[in-house]
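Below: one structure, written as structure tokens.
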Amino acid sequence: MKRLVFVLLLLVVMVSSFVTGGVNVDAKNSPRKATILYFNDAHEVSPVVNDYGNRGGVARLKTAIDHVQKENKHTLIAFGGDLGGGTLFGGVYQGFPIVEAFNRMNIDVANFGQHDFDFGTQVTKELVQESEFPWISSNLKGVEGNSFADVPTYKIFNKRGIKIGVIGLTDNMNTTTVDDQVEQQDIIQSAKNAVAKMTETKKVDVIIALTQENLEKDKQLLSAIPAIDAVFTEEKAENQSYIYEYDSRYIFAPEGNIGSVIRLDVNKKGKNIQLNPEIIEIDHTVPEDSELKAFADYYENKLEEDLGQSIAQLETPLISGDNHESRYQETNIGNFVADSYRSYFNADIGFMNGGGIRASVPTGAFTLRDAYSILPFRNKVILASVTGATIRAALENGVSNVENLGGGFLQVSGMKYSYDRNNPEGSRVANILVNNEPLDSQKNYTVAMPNYIFNGGDGFTMFNQSMLVVDETNARTDVEVLIKYAKNSEVIHETIEGRITVSDR
């Protein structure tokens, strides 16, 4: 009897082992699906309404994410970067409300955009600290050679047994306000290092790159690193998403201002991986999540309140002119802006292109809203060492198209000049004084000006031989410089001082 019982138990164990083994094999080979959701360029909490329609907003984004997650709980949510600066809202709140909104969306991973550094690395580090989701960077380094803010260089996510490796790459750091606390490393070599480290001890089914770089560099990345299966990159247009096929792989670019989300389904059966992309529009047809709608409304109301706070007292109206006078003659608002640039660097001269001055301001309290309305383009104020001959050429270029109200007309600080529009182009300017001394063509002067001018905008190509003293990587935006100047002034009393004389015959 004991022997019979033993034999029966042995049979049970053998059958159980066989069945269990069969179940494991079937589960291993059964089809599985993970989903990746990707978006970037999140400067606004509320929808953006413009000529391209009514798009974006964190409340609609959450609705779209929730819908996909209900369909497939094995979803990886990735943010590609740029949540500060770039817009009035981003400039005032520096990205913190966006982080707060993302904390309510179960974001899995975020990569840095260059504009996440628009207010300096300390602000960027604070944004990271406030985030309840991880940031990564494969090519931004801190001062001691570690990754910036000690974030990981890559992450691996396991979504229903599908292991997804993620790297993050950021280019064009020279277009933001950075300091010596961050350094951009070579994109491709950094990506190679991250992929090699990711795969040296662990098996990864799919590798994706979150990038902030142009399309050509994304293609170079795929060519250099065959292990990368797909690139999720920055927006290429405000109103259109792009799916590029390159070398049998994908490059995805959603719309700006969270106008769309890229969905990528990762299907795995055995060792076979199939990628199926889709574009999800975040437009007026997407209902707004009620909780985040209230959140966005709160910040929009707060913005109106904060923008109205006084930062100085304006005793004389700042007049741009009903007929765009800042594009052909001296204006007190032009003096105000040019003075703010020269004062910021204690430069010899300040230049401001008249076409970049976009609003007048009446007397009374001078507010943040006023500053942003005057200078809405967020150019950087750089400092350059410029010869007198180049300064003369710049002034000539500035008056070369005054008949057509050309935007390159130069409002100035620290100098005076006259011009006669009836003279031929190239010989209209005369009587140039710098600090009440005649301009010396051979002397070098320090000039504070928007990077738009220095980089050749409005035909100012003559600065290509001038030496930058403070370049774009270390520059502040024009409106930040103007706000600082207004706060320091406390009382603004700008007049016409005879800096520019129009001497038509």
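By convention here, the chains of the structure tokens are called A, B, ... in the order presented, each chain's residues are numbered starting at 1, and ligands are numbered starting at 1 in the order presented.
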Mind checking which residues fall within 8 Å of segment 123-140 of chain A, counting only C-alpha atoms, ignoring those fewer than 3 positions away in the same chain, and posting them as a PDB file with N, CA and C atoms, in the first residue's frame?
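The result, stored in out22.pdb:
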```pdb
ATOM      1  N   GLN A  94       8.297  79.885 -15.452  1.00  0.00           N
ATOM      2  CA  GLN A  94       9.539  79.129 -15.611  1.00  0.00           C
ATOM      3  C   GLN A  94       9.357  77.609 -15.625  1.00  0.00           C
ATOM      4  N   GLY A  95       8.153  77.140 -15.923  1.00  0.00           N
ATOM      5  CA  GLY A  95       7.925  75.713 -16.094  1.00  0.00           C
ATOM      6  C   GLY A  95       7.372  74.980 -14.886  1.00  0.00           C
ATOM      7  N   PHE A  96       7.311  75.615 -13.733  1.00  0.00           N
ATOM      8  CA  PHE A  96       6.881  74.912 -12.520  1.00  0.00           C
ATOM      9  C   PHE A  96       5.416  74.452 -12.566  1.00  0.00           C
ATOM     10  N   VAL A  99       5.327  71.160 -14.514  1.00  0.00           N
ATOM     11  CA  VAL A  99       5.783  70.028 -13.696  1.00  0.00           C
ATOM     12  C   VAL A  99       4.673  69.591 -12.750  1.00  0.00           C
ATOM     13  N   GLU A 100       3.997  70.549 -12.146  1.00  0.00           N
ATOM     14  CA  GLU A 100       2.901  70.223 -11.229  1.00  0.00           C
ATOM     15  C   GLU A 100       1.795  69.455 -11.951  1.00  0.00           C
ATOM     16  N   PHE A 102       2.203  67.637 -14.734  1.00  0.00           N
ATOM     17  CA  PHE A 102       2.739  66.324 -15.106  1.00  0.00           C
ATOM     18  C   PHE A 102       2.754  65.355 -13.923  1.00  0.00           C
ATOM     19  N   ASN A 103       2.930  65.902 -12.733  1.00  0.00           N
ATOM     20  CA  ASN A 103       2.919  65.042 -11.541  1.00  0.00           C
ATOM     21  C   ASN A 103       1.573  64.347 -11.355  1.00  0.00           C
ATOM     22  N   ASN A 106       1.168  60.638 -14.154  1.00  0.00           N
ATOM     23  CA  ASN A 106       1.950  59.398 -14.137  1.00  0.00           C
ATOM     24  C   ASN A 106       2.973  59.345 -15.265  1.00  0.00           C
ATOM     25  N   ILE A 107       3.664  60.479 -15.493  1.00  0.00           N
ATOM     26  CA  ILE A 107       4.738  60.498 -16.477  1.00  0.00           C
ATOM     27  C   ILE A 107       5.829  59.513 -16.040  1.00  0.00           C
ATOM     28  N   ASP A 108       6.366  58.753 -16.982  1.00  0.00           N
ATOM     29  CA  ASP A 108       7.399  57.767 -16.663  1.00  0.00           C
ATOM     30  C   ASP A 108       8.809  58.314 -16.791  1.00  0.00           C
ATOM     31  N   VAL A 109       9.043  59.193 -17.772  1.00  0.00           N
ATOM     32  CA  VAL A 109      10.407  59.667 -18.017  1.00  0.00           C
ATOM     33  C   VAL A 109      10.355  60.973 -18.797  1.00  0.00           C
ATOM     34  N   ALA A 110      11.348  61.840 -18.556  1.00  0.00           N
ATOM     35  CA  ALA A 110      11.424  63.129 -19.251  1.00  0.00           C
ATOM     36  C   ALA A 110      12.860  63.394 -19.681  1.00  0.00           C
ATOM     37  N   ASN A 111      13.006  64.005 -20.846  1.00  0.00           N
ATOM     38  CA  ASN A 111      14.305  64.443 -21.359  1.00  0.00           C
ATOM     39  C   ASN A 111      14.346  65.966 -21.341  1.00  0.00           C
ATOM     40  N   PHE A 112      15.536  66.534 -21.248  1.00  0.00           N
ATOM     41  CA  PHE A 112      15.682  67.987 -21.229  1.00  0.00           C
ATOM     42  C   PHE A 112      15.625  68.561 -22.644  1.00  0.00           C
ATOM     43  N   ASP A 116      14.616  74.338 -21.280  1.00  0.00           N
ATOM     44  CA  ASP A 116      14.454  74.076 -19.854  1.00  0.00           C
ATOM     45  C   ASP A 116      15.585  74.701 -19.048  1.00  0.00           C
ATOM     46  N   PHE A 117      16.544  75.328 -19.750  1.00  0.00           N
ATOM     47  CA  PHE A 117      17.661  76.013 -19.106  1.00  0.00           C
ATOM     48  C   PHE A 117      17.584  77.531 -19.307  1.00  0.00           C
ATOM     49  N   PHE A 119      16.362  79.848 -17.720  1.00  0.00           N
ATOM     50  CA  PHE A 119      16.473  80.687 -16.528  1.00  0.00           C
ATOM     51  C   PHE A 119      17.644  80.253 -15.647  1.00  0.00           C
ATOM     52  N   GLY A 120      18.594  79.546 -16.252  1.00  0.00           N
ATOM     53  CA  GLY A 120      19.778  79.123 -15.536  1.00  0.00           C
ATOM     54  C   GLY A 120      19.646  77.724 -14.962  1.00  0.00           C
ATOM     55  N   SER A 147      26.548  63.252 -14.742  1.00  0.00           N
ATOM     56  CA  SER A 147      25.428  63.745 -15.528  1.00  0.00           C
ATOM     57  C   SER A 147      24.817  64.963 -14.844  1.00  0.00           C
ATOM     58  N   PHE A 148      24.265  65.865 -15.636  1.00  0.00           N
ATOM     59  CA  PHE A 148      23.691  67.078 -15.067  1.00  0.00           C
ATOM     60  C   PHE A 148      22.620  66.727 -14.036  1.00  0.00           C
ATOM     61  N   ALA A 149      22.676  67.388 -12.883  1.00  0.00           N
ATOM     62  CA  ALA A 149      21.726  67.192 -11.782  1.00  0.00           C
ATOM     63  C   ALA A 149      21.702  65.738 -11.300  1.00  0.00           C
ATOM     64  N   VAL A 151      21.118  63.080 -12.851  1.00  0.00           N
ATOM     65  CA  VAL A 151      20.030  62.262 -13.393  1.00  0.00           C
ATOM     66  C   VAL A 151      20.634  61.048 -14.086  1.00  0.00           C
ATOM     67  N   PRO A 152      19.876  59.964 -14.251  1.00  0.00           N
ATOM     68  CA  PRO A 152      20.408  58.787 -14.957  1.00  0.00           C
ATOM     69  C   PRO A 152      20.722  59.101 -16.409  1.00  0.00           C
ATOM     70  N   THR A 153      21.658  58.360 -16.975  1.00  0.00           N
ATOM     71  CA  THR A 153      21.990  58.522 -18.388  1.00  0.00           C
ATOM     72  C   THR A 153      21.066  57.697 -19.274  1.00  0.00           C
ATOM     73  N   TYR A 154      20.327  56.767 -18.686  1.00  0.00           N
ATOM     74  CA  TYR A 154      19.337  55.973 -19.415  1.00  0.00           C
ATOM     75  C   TYR A 154      18.384  55.351 -18.397  1.00  0.00           C
ATOM     76  N   LYS A 155      17.276  54.835 -18.886  1.00  0.00           N
ATOM     77  CA  LYS A 155      16.325  54.092 -18.053  1.00  0.00           C
ATOM     78  C   LYS A 155      15.826  52.886 -18.844  1.00  0.00           C
ATOM     79  N   ILE A 167      17.066  56.535 -23.863  1.00  0.00           N
ATOM     80  CA  ILE A 167      18.158  57.484 -23.682  1.00  0.00           C
ATOM     81  C   ILE A 167      17.634  58.884 -23.993  1.00  0.00           C
ATOM     82  N   GLY A 168      18.320  59.912 -23.484  1.00  0.00           N
ATOM     83  CA  GLY A 168      17.904  61.300 -23.695  1.00  0.00           C
ATOM     84  C   GLY A 168      19.055  62.148 -24.197  1.00  0.00           C
ATOM     85  N   LEU A 169      18.825  62.920 -25.253  1.00  0.00           N
ATOM     86  CA  LEU A 169      19.875  63.705 -25.899  1.00  0.00           C
ATOM     87  C   LEU A 169      19.384  65.124 -26.149  1.00  0.00           C
ATOM     88  N   THR A 170      20.241  66.115 -25.843  1.00  0.00           N
ATOM     89  CA  THR A 170      19.867  67.520 -25.984  1.00  0.00           C
ATOM     90  C   THR A 170      20.927  68.267 -26.768  1.00  0.00           C
ATOM     91  N   VAL A 182      26.705  73.266 -16.526  1.00  0.00           N
ATOM     92  CA  VAL A 182      26.252  72.238 -17.466  1.00  0.00           C
ATOM     93  C   VAL A 182      27.083  72.338 -18.740  1.00  0.00           C
ATOM     94  N   GLU A 183      27.383  71.192 -19.320  1.00  0.00           N
ATOM     95  CA  GLU A 183      28.157  71.149 -20.551  1.00  0.00           C
ATOM     96  C   GLU A 183      27.545  70.121 -21.488  1.00  0.00           C
ATOM     97  N   GLN A 184      27.349  70.528 -22.728  1.00  0.00           N
ATOM     98  CA  GLN A 184      26.807  69.614 -23.731  1.00  0.00           C
ATOM     99  C   GLN A 184      27.923  68.764 -24.317  1.00  0.00           C
ATOM    100  N   GLN A 185      27.786  67.444 -24.206  1.00  0.00           N
ATOM    101  CA  GLN A 185      28.752  66.515 -24.783  1.00  0.00           C
ATOM    102  C   GLN A 185      28.301  66.101 -26.188  1.00  0.00           C
ATOM    103  N   ASP A 186      29.204  65.502 -26.934  1.00  0.00           N
ATOM    104  CA  ASP A 186      28.901  65.050 -28.284  1.00  0.00           C
ATOM    105  C   ASP A 186      27.692  64.110 -28.287  1.00  0.00           C
ATOM    106  N   ILE A 187      26.745  64.382 -29.162  1.00  0.00           N
ATOM    107  CA  ILE A 187      25.483  63.648 -29.184  1.00  0.00           C
ATOM    108  C   ILE A 187      25.701  62.164 -29.484  1.00  0.00           C
ATOM    109  N   SER A 190      27.891  60.187 -26.923  1.00  0.00           N
ATOM    110  CA  SER A 190      27.148  60.016 -25.672  1.00  0.00           C
ATOM    111  C   SER A 190      26.078  58.945 -25.816  1.00  0.00           C
ATOM    112  N   ALA A 191      25.403  58.938 -26.964  1.00  0.00           N
ATOM    113  CA  ALA A 191      24.383  57.915 -27.209  1.00  0.00           C
ATOM    114  C   ALA A 191      25.004  56.531 -27.265  1.00  0.00           C
ATOM    115  N   ALA A 194      25.757  55.399 -23.716  1.00  0.00           N
ATOM    116  CA  ALA A 194      24.564  55.038 -22.950  1.00  0.00           C
ATOM    117  C   ALA A 194      23.995  53.699 -23.406  1.00  0.00           C
TER     118      ALA A 194
END
```
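Proximity to Ser400 of chain A at 12 Å, evaluated using only C-alpha atoms and with sequence-adjacent residues fewer than 4 positions away removed, yields Arg327, Tyr328, Ala393, Ala394, Leu395, Glu396, Asn404, Leu405, Gly406, Gly407, Gly408, Phe409, Leu410, Tyr419, Asp420, Arg421, Asn422, Asn423, Pro424, Glu425, Gly426, Ser427, Arg428, Val429, Asp458, Gly459 and Phe460 of chain A.
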DSSP strand (DSSP E or B) residues within segment 184-428 of chain A, as JSON, numbers by chain: {"A": [184, 206, 207, 208, 209, 210, 211, 212, 230, 231, 232, 242, 243, 244, 245, 246, 249, 250, 251, 252, 253, 260, 261, 262, 263, 264, 265, 266, 267, 268, 269, 272, 273, 274, 275, 276, 277, 278, 279, 280, 281, 283, 310, 311, 312, 313, 314, 318, 349, 350, 351, 352, 353, 361, 364, 365, 366, 367, 380, 381, 382, 383, 384, 385, 386, 387, 410, 411, 412, 413, 415, 416, 417, 418, 419]}
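Pairwise distance (atom CA of Val206 of chain A, atom CA of Asn158 of chain A) equals 10.5 Å.
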Just want the 12 Å neighbourhood of Gln465 of chain A, counted on only C-alpha atoms, with same-chain residues fewer than 4 positions away dropped. Output as an mmCIF file with C-alpha atoms, in the first residue's frame.
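New file selection.cif:
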```cif
data_model
loop_
_atom_site.group_PDB
_atom_site.id
_atom_site.type_symbol
_atom_site.label_atom_id
_atom_site.label_comp_id
_atom_site.auth_asym_id
_atom_site.auth_seq_id
_atom_site.Cartn_x
_atom_site.Cartn_y
_atom_site.Cartn_z
ATOM 1 C CA ALA A 384 30.310 92.288 -28.727
ATOM 2 C CA SER A 385 33.524 94.143 -29.421
ATOM 3 C CA VAL A 386 32.899 96.096 -32.618
ATOM 4 C CA THR A 387 35.084 98.443 -34.657
ATOM 5 C CA ALA A 389 33.876 101.082 -39.120
ATOM 6 C CA THR A 390 31.464 98.240 -38.442
ATOM 7 C CA ILE A 391 29.276 100.507 -36.313
ATOM 8 C CA PHE A 454 24.358 90.207 -34.376
ATOM 9 C CA ASN A 455 23.380 87.033 -36.215
ATOM 10 C CA GLY A 456 22.452 88.922 -39.387
ATOM 11 C CA PHE A 460 23.076 93.206 -40.360
ATOM 12 C CA THR A 461 25.713 90.954 -41.910
#
```
Distance criterion (only C-alpha atoms): nearest to Pro31 of chain A out of A:His284, A:His74, A:Lys236, A:Arg160: A:Arg160
Residues within 12 Å of Ile225 of chain A, only C-alpha atoms, excluding chain neighbours under 3 positions, as a PyMOL selection string: chain A and resi 187-196+207-209+218-222+228-231+247+249
Residues flagged alpha helix (DSSP H) by DSSP in segment 224-469 of chain A, as a PyMOL selection string: chain A and resi 224+290-307+332-345+368-374+388-398+451-454
Which residues of segment 330-437 of chain A come within 7 Å of segment 472-477 of chain A, and what is each one's closest atom pair and distance in Å (one decimal), counting only C-alpha atoms, sorted by chain and residue number, as JSON lines?
```
{"residue": "A:Arg378", "atom": "CA", "partner": "A:Thr477", "partner_atom": "CA", "distance": 5.3}
{"residue": "A:Asn379", "atom": "CA", "partner": "A:Thr477", "partner_atom": "CA", "distance": 5.4}
{"residue": "A:Lys380", "atom": "CA", "partner": "A:Thr477", "partner_atom": "CA", "distance": 4.2}
{"residue": "A:Val381", "atom": "CA", "partner": "A:Ala475", "partner_atom": "CA", "distance": 5.8}
{"residue": "A:Ile382", "atom": "CA", "partner": "A:Ala475", "partner_atom": "CA", "distance": 5.8}
```
Counting only C-alpha atoms, the option among A:Asn257, A:Gly57, A:Ile77, A:Asp51 closest to Leu292 of chain A: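 Using only C-alpha atoms, Leu292 of chain A sits closest to A:Gly57.
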For segment 88-90 of chain A: contacts at 8 Å, only C-alpha atoms, fewer than 5 positions along chain excluded, given as a ChimeraX atom specification: /A:43-44,83,95,303,372,376
Neighbour list for Pro47 of chain A as JSON, numbers by chain, cut-off 7 Å, only C-alpha atoms, skip fewer than 3 positions in-chain: {"A": [54, 55, 56, 57]}
Could you pull the residues within 6 Å of segment 437-441 of chain A, counting only C-alpha atoms, minus those fewer than 4 positions along the same chain, as a compact mmCIF listing (two decimals) with C-alpha atoms, in the first residue's frame?
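New file out-v8.txt:
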```txt
# COMPACT_ATOMS: atom_id res chain seq x y z
CA GLY A 388 33.95 101.96 -35.43
CA ALA A 389 33.88 101.08 -39.12
CA ILE A 432 28.30 109.97 -35.43
CA LEU A 433 29.29 110.58 -31.81
```
